[in-house]
$ cat final_24.cif   # mmCIF, C-alpha atoms
data_model
#
loop_
_atom_site.label_atom_id
_atom_site.label_comp_id
_atom_site.auth_asym_id
_atom_site.auth_seq_id
_atom_site.Cartn_x
_atom_site.Cartn_y
_atom_site.Cartn_z
CA MET A 1 167.19 -13.38 49.92
CA VAL A 2 164.63 -16.14 50.03
CA THR A 3 161.96 -16.01 47.37
CA VAL A 4 158.58 -17.30 48.52
CA LYS A 5 156.51 -18.84 45.81
CA HIS A 6 152.75 -18.71 46.26
CA LYS A 7 150.92 -21.85 45.34
CA ARG A 8 148.24 -21.39 42.81
CA CYS A 9 144.88 -23.06 43.21
CA PRO A 10 143.84 -25.30 40.40
CA GLY A 11 142.81 -23.30 37.39
CA ASN A 12 139.29 -24.66 37.34
CA TRP A 13 138.27 -23.87 40.95
CA ARG A 14 136.24 -20.87 39.91
CA GLU A 15 134.42 -22.89 37.30
CA ALA A 16 133.77 -25.64 39.83
CA SER A 17 132.38 -23.28 42.50
CA GLY A 18 130.33 -21.43 39.93
CA GLY A 19 128.85 -24.66 38.67
CA TYR A 20 127.93 -25.65 42.22
CA ALA A 21 126.18 -22.32 42.80
CA LEU A 22 124.20 -22.70 39.58
CA SER A 23 123.26 -26.22 40.51
CA LEU A 24 122.10 -25.07 43.96
CA ARG A 25 119.95 -22.32 42.47
CA ALA A 26 118.46 -24.74 39.97
CA ARG A 27 117.61 -27.16 42.77
CA ARG A 28 115.94 -24.40 44.79
CA ARG A 29 113.88 -23.35 41.79
CA ALA A 30 112.85 -26.93 41.23
CA GLU A 31 111.66 -27.17 44.84
CA ILE A 32 109.23 -24.20 44.41
CA ASN A 33 106.00 -25.68 43.15
CA ILE A 34 103.65 -23.10 41.58
CA PRO A 35 100.10 -24.48 41.25
CA PRO A 36 99.13 -24.33 37.58
CA GLU A 37 95.80 -22.63 38.37
CA LEU A 38 97.34 -19.85 40.48
CA PRO A 39 98.18 -17.38 37.67
CA ASP A 40 94.60 -17.46 36.34
CA ILE A 41 93.12 -17.12 39.86
CA LEU A 42 95.24 -14.03 40.48
CA LYS A 43 94.42 -12.62 37.05
CA GLN A 44 90.66 -13.01 37.58
CA PHE A 45 90.95 -11.60 41.11
CA THR A 46 92.79 -8.51 39.84
CA LYS A 47 90.23 -7.90 37.09
CA ALA A 48 87.39 -8.30 39.61
CA ALA A 49 88.99 -5.83 42.03
CA ILE A 50 89.45 -3.22 39.29
CA ARG A 51 85.86 -3.66 38.11
CA THR A 52 84.35 -3.53 41.61
CA GLN A 53 86.57 -0.77 43.08
CA PRO A 54 86.10 -1.81 46.75
CA HIS A 55 86.75 0.80 49.44
CA ASP A 56 88.56 -1.78 51.58
CA VAL A 57 90.45 -4.23 49.36
CA LEU A 58 91.38 -6.61 52.19
CA GLN A 59 87.81 -6.87 53.49
CA TRP A 60 86.45 -7.36 49.99
CA SER A 61 89.15 -9.95 49.23
CA ALA A 62 88.04 -12.03 52.21
CA GLY A 63 84.52 -12.15 50.79
CA TYR A 64 85.81 -12.83 47.27
CA PHE A 65 87.91 -15.85 48.17
CA SER A 66 85.33 -17.14 50.65
CA ALA A 67 82.69 -17.15 47.88
CA LEU A 68 85.17 -18.62 45.37
CA SER A 69 86.06 -21.52 47.66
CA LYS A 70 82.36 -22.34 48.24
CA GLY A 71 81.32 -22.02 44.60
CA GLU A 72 79.00 -19.10 45.45
CA PRO A 73 78.34 -16.00 43.30
CA LEU A 74 81.30 -13.64 43.66
CA PRO A 75 81.02 -10.10 45.09
CA VAL A 76 81.96 -8.60 41.73
CA LYS A 77 80.25 -5.89 39.70
CA ASP A 78 79.41 -6.50 36.06
CA ARG A 79 81.31 -3.36 35.10
CA ILE A 80 82.94 -0.25 36.54
CA GLU A 81 80.27 2.19 37.73
CA MET A 82 80.11 5.91 37.24
CA PRO A 83 78.71 7.97 40.18
CA VAL A 84 74.91 7.98 40.31
CA ALA A 85 73.68 11.47 39.44
CA THR A 86 70.48 11.15 41.46
CA GLN A 87 72.29 10.40 44.70
CA LYS A 88 72.44 13.57 46.77
CA THR A 89 75.05 12.12 49.09
CA ASP A 90 77.46 9.21 48.94
CA THR A 91 75.34 6.44 50.44
CA GLY A 92 77.91 3.78 49.77
CA LEU A 93 75.23 1.65 48.11
CA THR A 94 75.12 1.77 44.31
CA PRO A 95 72.99 -0.03 41.69
CA GLY A 96 75.97 -2.22 40.84
CA LEU A 97 76.52 -3.28 44.46
CA LEU A 98 72.81 -3.91 44.98
CA LYS A 99 72.85 -6.11 41.88
CA VAL A 100 75.80 -8.06 43.31
CA LEU A 101 73.83 -8.64 46.52
CA HIS A 102 70.84 -9.76 44.45
CA LYS A 103 72.95 -12.36 42.63
CA GLN A 104 74.27 -13.66 45.93
CA LEU A 105 71.07 -13.70 47.98
CA SER A 106 68.07 -13.97 45.64
CA PRO A 107 68.38 -17.75 45.02
CA LYS A 108 67.45 -18.35 48.66
CA GLY A 109 64.37 -16.10 48.70
CA ARG A 110 64.65 -15.59 52.46
CA VAL A 111 67.99 -14.96 54.15
CA SER A 112 69.11 -14.67 57.74
CA MET A 113 70.11 -11.32 59.17
CA ILE A 114 73.55 -12.77 59.89
CA GLU A 115 74.17 -13.78 56.28
CA LEU A 116 72.78 -10.50 54.93
CA GLU A 117 75.08 -8.48 57.17
CA LYS A 118 78.07 -10.65 56.21
CA LYS A 119 77.50 -10.14 52.47
CA TRP A 120 76.91 -6.43 53.08
CA LYS A 121 80.24 -6.12 54.91
CA HIS A 122 82.10 -8.04 52.20
CA LEU A 123 81.10 -5.27 49.79
CA CYS A 124 82.56 -2.71 52.24
CA LEU A 125 79.17 -1.08 52.78
CA PRO A 126 78.47 0.68 56.10
CA VAL A 127 76.60 -1.59 58.51
CA GLU A 128 74.81 1.44 59.98
CA GLN A 129 73.18 2.01 56.60
CA LEU A 130 71.89 -1.57 56.49
CA ARG A 131 70.47 -1.33 60.00
CA ALA A 132 68.75 1.98 59.20
CA LEU A 133 67.30 0.43 56.05
CA LEU A 134 65.96 -2.61 57.93
CA GLN A 135 64.27 -0.38 60.51
CA LEU A 136 61.85 0.75 57.80
CA ASP A 137 59.98 -2.53 58.23
CA ASN A 138 59.37 -5.12 60.94
CA PHE A 139 61.93 -7.77 60.02
CA GLY A 140 62.69 -10.75 62.23
CA ASP A 141 65.73 -13.02 62.22
CA GLU A 142 65.06 -13.74 58.55
CA VAL A 143 64.23 -11.27 55.78
CA GLU A 144 62.50 -11.60 52.44
CA TRP A 145 65.24 -10.62 50.02
CA LEU A 146 62.97 -8.91 47.49
CA LYS A 147 61.78 -6.51 50.19
CA VAL A 148 65.35 -5.63 51.13
CA LEU A 149 66.13 -5.07 47.45
CA ALA A 150 63.12 -2.75 47.17
CA LEU A 151 64.26 -0.74 50.21
CA GLY A 152 67.75 -0.52 48.73
CA CYS A 153 66.26 0.86 45.52
CA SER A 154 64.36 3.46 47.58
CA ILE A 155 67.70 4.67 49.00
CA LEU A 156 69.05 5.06 45.48
CA GLY A 157 65.93 6.57 43.95
CA GLY A 158 64.37 8.89 46.48
CA SER A 159 60.97 8.88 44.75
CA LEU A 160 58.67 5.89 44.26
CA MET A 161 58.91 5.90 40.46
CA THR A 162 62.69 6.25 40.42
CA SER A 163 62.96 3.46 42.99
CA VAL A 164 60.97 0.97 40.88
CA LYS A 165 62.99 2.08 37.84
CA TYR A 166 66.16 0.98 39.65
CA ALA A 167 64.44 -2.27 40.60
CA CYS A 168 63.65 -2.98 36.95
CA GLU A 169 67.21 -2.25 35.87
CA ILE A 170 68.64 -4.55 38.55
CA LEU A 171 66.18 -7.42 38.11
CA THR A 172 65.89 -7.48 34.32
CA THR A 173 67.47 -10.13 32.14
CA ASP A 174 67.49 -7.73 29.18
CA PRO A 175 70.93 -6.57 27.99
CA GLU A 176 72.25 -3.27 29.32
CA GLY A 177 70.56 -0.34 27.58
CA GLY A 178 67.51 -2.46 26.75
CA PRO A 179 63.92 -1.96 27.93
CA ALA A 180 64.72 -3.37 31.42
CA ARG A 181 61.59 -5.55 31.54
CA ILE A 182 60.52 -7.60 34.54
CA PRO A 183 57.39 -9.72 35.19
CA PHE A 184 54.33 -7.66 36.07
CA ASP A 185 53.80 -9.64 39.30
CA THR A 186 57.31 -8.74 40.48
CA PHE A 187 56.80 -5.09 39.58
CA SER A 188 53.42 -5.06 41.35
CA PHE A 189 54.92 -6.56 44.51
CA ILE A 190 57.75 -3.99 44.68
CA TYR A 191 55.54 -1.02 43.81
CA THR A 192 52.87 -1.98 46.37
CA TYR A 193 55.44 -2.67 49.06
CA LEU A 194 57.29 0.63 48.61
CA ALA A 195 54.01 2.56 48.44
CA SER A 196 52.98 1.01 51.78
CA ILE A 197 56.34 1.88 53.36
CA ASP A 198 56.06 5.45 52.07
CA GLY A 199 52.50 5.73 53.36
CA GLU A 200 51.61 8.82 51.32
CA MET A 201 49.72 7.20 48.46
CA PRO A 202 46.15 5.95 49.12
CA ASP A 203 45.49 2.29 48.33
CA TYR A 204 42.95 3.14 45.65
CA LYS A 205 45.58 5.12 43.70
CA VAL A 206 48.05 2.24 43.93
CA GLU A 207 45.38 -0.18 42.65
CA ALA A 208 44.35 2.18 39.85
CA PHE A 209 47.93 2.62 38.66
CA LEU A 210 48.64 -1.11 38.68
CA SER A 211 45.36 -1.89 36.96
CA ALA A 212 46.17 0.46 34.09
CA LEU A 213 49.72 -0.90 33.86
CA LYS A 214 48.49 -4.49 33.83
CA GLY A 215 46.52 -3.77 30.67
CA GLN A 216 49.73 -2.68 28.93
CA ALA A 217 51.69 -5.63 30.32
CA GLU A 218 49.19 -8.18 29.00
CA CYS A 219 50.00 -6.99 25.49
CA LYS A 220 53.71 -7.55 26.15
CA GLY A 221 53.82 -11.02 27.61
CA ASP A 222 53.01 -9.82 31.14
CA GLN A 223 56.26 -7.83 31.21
CA VAL A 224 56.74 -4.25 32.43
CA GLY A 225 59.56 -2.11 31.08
CA VAL A 226 60.88 1.21 32.36
CA SER A 227 59.34 3.16 29.47
CA ASP A 228 55.88 1.86 30.46
CA PHE A 229 55.78 3.93 33.63
CA PHE A 230 58.80 6.20 33.93
CA VAL A 231 59.12 9.60 32.24
CA PRO A 232 62.53 11.23 32.77
CA SER A 233 62.34 14.76 34.13
CA LYS A 234 63.39 17.41 31.65
CA LYS A 235 66.44 19.46 32.54
CA ALA A 236 65.87 23.17 32.75
#
$ encode --input "final_24.cif" --output "structure tokens"
Amino acid sequence: MVTVKHKRCPGNWREASGGYALSLRARRRAEINIPPELPDILKQFTKAAIRTQPHDVLQWSAGYFSALSKGEPLPVKDRIEMPVATQKTDTGLTPGLLKVLHKQLSPKGRVSMIELEKKWKHLCLPVEQLRALLQLDNFGDEVEWLKVLALGCSILGGSLMTSVKYACEILTTDPEGGPARIPFDTFSFIYTYLASIDGEMPDYKVEAFLSALKGQAECKGDQVGVSDFFVPSKKA
């Protein structure tokens, strides 16, 4: 009988192949360059998405990174919003979203319809709602932002007084929960404009109301706060 002896491979072949595999993996890891700013960008993006709660994350993300790359105000809410109790139906628009639009568009004063619609879409708001809102006035290719803001407040508020209350809360530089003061001239412009759109209040009543309010404002640095004109309705 012939005995066949199997040749053994060198004892260190496993170690050698294992070392090669480790070296290959290390080289591959070294080739992957992670930009140092990426983790913070993703962290801020995630926090913004949670705070804003967009209906369409992909659509909102496009607006977020577009604004970020151009150094423009981001489409991000200041905080998570609770549902607005005065809204009878889900309009899509909320005070927080209207405030975001104000931050993005107010520096220009007048904005084109194209830009307004683009910013509106980035916040995942229904375009039909914007078009219905703009039909309340005779706007051309450009719109005066403060008028659009006022009309947005009228959607949220329903009544004239509640609408200007929302305007004060969006435009104020006071901290949240404060008196929500705005310049009297700004208040007067919004109140007069919404009263004219509504068409139910005679001009003399508008003038009388503003005249009385101006007397109060002059004692407060020409500022009007919510408590100067708004009395919350008592619950039954």
$ closest_residue --input "final_24.cif" --among "A:Val231, A:Leu134, A:Val226, A:Leu42" --to "A:Leu116" --atoms "all atoms listed in the file"
A:Leu134
$ resolve_selection --input "final_24.cif" --expression "the PyMOL selection byres ((chain A and resi 165) around 12)" --output "MDAnalysis selection string"
chainID A and resid 95 150 153:154 156:164 166:172 179:182 187 190:191 224:232
$ atom_distance --input "final_24.cif" --atom1 "atom CA of A:Lys121" --atom2 "atom CA of A:Val143"
16.8 Å
$ closest_atom_pairs --input "final_24.cif" --of "stretch 28-56 of chain A" --to "stretch 62-72 of chain A" --cutoff "12 Å" --atoms "all atoms listed in the file" --output "Markdown table"
| residue | atom | partner | partner_atom | distance |
| --- | --- | --- | --- | --- |
| A:Ile41 | CA | A:Leu68 | CA | 9.8 |
| A:Leu42 | CA | A:Phe65 | CA | 10.8 |
| A:Gln44 | CA | A:Tyr64 | CA | 10.8 |
| A:Phe45 | CA | A:Tyr64 | CA | 8.1 |
| A:Thr46 | CA | A:Tyr64 | CA | 11.1 |
| A:Ala48 | CA | A:Tyr64 | CA | 9.0 |
| A:Ala49 | CA | A:Tyr64 | CA | 9.3 |
| A:Thr52 | CA | A:Tyr64 | CA | 11.0 |
| A:Pro54 | CA | A:Tyr64 | CA | 11.0 |
| A:Asp56 | CA | A:Ala62 | CA | 10.3 |
$ resolve_selection --input "final_24.cif" --expression "the PyMOL selection byres ((chain A and resi 136) around 12)" --output "PyMOL selection string"
chain A and resi 129-135+137-139+147-148+150-152+154-155+193-194+196-199
$ closest_residue --input "final_24.cif" --among "A:Pro75, A:Gly177, A:Gly109, A:Pro126" --to "A:Gly92" --atoms "only C-alpha atoms"
A:Pro126
$ atom_distance --input "final_24.cif" --atom1 "atom CA of A:Asp78" --atom2 "atom CA of A:Leu146"
20.2 Å
$ atom_distance --input "final_24.cif" --atom1 "atom CA of A:Phe184" --atom2 "atom CA of A:Ala217"
6.6 Å
$ closest_residue --input "final_24.cif" --among "A:Ile50, A:Val76, A:Ala195, A:Met113" --to "A:Val127" --atoms "all atoms listed in the file"
A:Met113
$ resolve_selection --input "final_24.cif" --expression "the PyMOL selection byres ((chain A and resi 102) around 9)" --output "PyMOL selection string"
chain A and resi 97-101+103-107+145-146+149+170-171
$ closest_residue --input "final_24.cif" --among "A:Asp203, A:Glu31, A:Glu37, A:Asp185" --to "A:Glu218" --atoms "all atoms listed in the file"
A:Asp185
$ closest_residue --input "final_24.cif" --among "A:Asp174, A:Glu81, A:Asp222, A:Glu128" --to "A:Thr94" --atoms "all atoms listed in the file"
A:Glu81
$ closest_residue --input "final_24.cif" --among "A:Gln53, A:Lys43, A:Leu74, A:Val206" --to "A:Lys119" --atoms "all atoms listed in the file"
A:Leu74
$ build_atoms --input "final_24.cif" --residues "stretch 197-212 of chain A" --atoms "N, CA, C and O atoms" --output "PDB file, in the coordinates of the input"
ATOM      1  N   ILE A 197      55.279   1.367  52.471  1.00  0.00           N
ATOM      2  CA  ILE A 197      56.340   1.880  53.360  1.00  0.00           C
ATOM      3  C   ILE A 197      56.315   3.405  53.363  1.00  0.00           C
ATOM      4  O   ILE A 197      56.460   4.048  54.412  1.00  0.00           O
ATOM      5  N   ASP A 198      56.107   3.983  52.182  1.00  0.00           N
ATOM      6  CA  ASP A 198      56.060   5.450  52.070  1.00  0.00           C
ATOM      7  C   ASP A 198      54.839   6.008  52.795  1.00  0.00           C
ATOM      8  O   ASP A 198      54.926   7.024  53.491  1.00  0.00           O
ATOM      9  N   GLY A 199      53.704   5.366  52.632  1.00  0.00           N
ATOM     10  CA  GLY A 199      52.500   5.730  53.360  1.00  0.00           C
ATOM     11  C   GLY A 199      51.783   6.976  52.879  1.00  0.00           C
ATOM     12  O   GLY A 199      50.793   7.404  53.497  1.00  0.00           O
ATOM     13  N   GLU A 200      52.234   7.573  51.776  1.00  0.00           N
ATOM     14  CA  GLU A 200      51.610   8.820  51.320  1.00  0.00           C
ATOM     15  C   GLU A 200      50.596   8.606  50.206  1.00  0.00           C
ATOM     16  O   GLU A 200      49.797   9.497  49.910  1.00  0.00           O
ATOM     17  N   MET A 201      50.640   7.433  49.571  1.00  0.00           N
ATOM     18  CA  MET A 201      49.720   7.200  48.460  1.00  0.00           C
ATOM     19  C   MET A 201      48.557   6.313  48.920  1.00  0.00           C
ATOM     20  O   MET A 201      48.775   5.218  49.444  1.00  0.00           O
ATOM     21  N   PRO A 202      47.317   6.757  48.735  1.00  0.00           N
ATOM     22  CA  PRO A 202      46.150   5.950  49.120  1.00  0.00           C
ATOM     23  C   PRO A 202      46.119   4.632  48.342  1.00  0.00           C
ATOM     24  O   PRO A 202      46.577   4.553  47.195  1.00  0.00           O
ATOM     25  N   ASP A 203      45.544   3.608  48.959  1.00  0.00           N
ATOM     26  CA  ASP A 203      45.490   2.290  48.330  1.00  0.00           C
ATOM     27  C   ASP A 203      44.769   2.317  46.985  1.00  0.00           C
ATOM     28  O   ASP A 203      45.161   1.625  46.041  1.00  0.00           O
ATOM     29  N   TYR A 204      43.729   3.134  46.893  1.00  0.00           N
ATOM     30  CA  TYR A 204      42.950   3.140  45.650  1.00  0.00           C
ATOM     31  C   TYR A 204      43.780   3.677  44.482  1.00  0.00           C
ATOM     32  O   TYR A 204      43.598   3.251  43.324  1.00  0.00           O
ATOM     33  N   LYS A 205      44.715   4.594  44.770  1.00  0.00           N
ATOM     34  CA  LYS A 205      45.580   5.120  43.700  1.00  0.00           C
ATOM     35  C   LYS A 205      46.604   4.064  43.272  1.00  0.00           C
ATOM     36  O   LYS A 205      46.937   3.954  42.095  1.00  0.00           O
ATOM     37  N   VAL A 206      47.106   3.317  44.241  1.00  0.00           N
ATOM     38  CA  VAL A 206      48.050   2.240  43.930  1.00  0.00           C
ATOM     39  C   VAL A 206      47.358   1.205  43.035  1.00  0.00           C
ATOM     40  O   VAL A 206      47.906   0.773  42.011  1.00  0.00           O
ATOM     41  N   GLU A 207      46.132   0.826  43.404  1.00  0.00           N
ATOM     42  CA  GLU A 207      45.380  -0.180  42.650  1.00  0.00           C
ATOM     43  C   GLU A 207      45.043   0.327  41.248  1.00  0.00           C
ATOM     44  O   GLU A 207      45.115  -0.419  40.260  1.00  0.00           O
ATOM     45  N   ALA A 208      44.701   1.607  41.150  1.00  0.00           N
ATOM     46  CA  ALA A 208      44.350   2.180  39.850  1.00  0.00           C
ATOM     47  C   ALA A 208      45.558   2.205  38.921  1.00  0.00           C
ATOM     48  O   ALA A 208      45.462   1.880  37.721  1.00  0.00           O
ATOM     49  N   PHE A 209      46.698   2.580  39.464  1.00  0.00           N
ATOM     50  CA  PHE A 209      47.930   2.620  38.660  1.00  0.00           C
ATOM     51  C   PHE A 209      48.298   1.231  38.160  1.00  0.00           C
ATOM     52  O   PHE A 209      48.600   1.042  36.974  1.00  0.00           O
ATOM     53  N   LEU A 210      48.265   0.255  39.061  1.00  0.00           N
ATOM     54  CA  LEU A 210      48.640  -1.110  38.680  1.00  0.00           C
ATOM     55  C   LEU A 210      47.632  -1.722  37.711  1.00  0.00           C
ATOM     56  O   LEU A 210      48.010  -2.483  36.808  1.00  0.00           O
ATOM     57  N   SER A 211      46.382  -1.378  37.867  1.00  0.00           N
ATOM     58  CA  SER A 211      45.360  -1.890  36.960  1.00  0.00           C
ATOM     59  C   SER A 211      45.591  -1.390  35.540  1.00  0.00           C
ATOM     60  O   SER A 211      45.491  -2.154  34.563  1.00  0.00           O
ATOM     61  N   ALA A 212      45.893  -0.112  35.413  1.00  0.00           N
ATOM     62  CA  ALA A 212      46.170   0.460  34.090  1.00  0.00           C
ATOM     63  C   ALA A 212      47.435  -0.147  33.487  1.00  0.00           C
ATOM     64  O   ALA A 212      47.489  -0.441  32.284  1.00  0.00           O
TER      65      ALA A 212
END
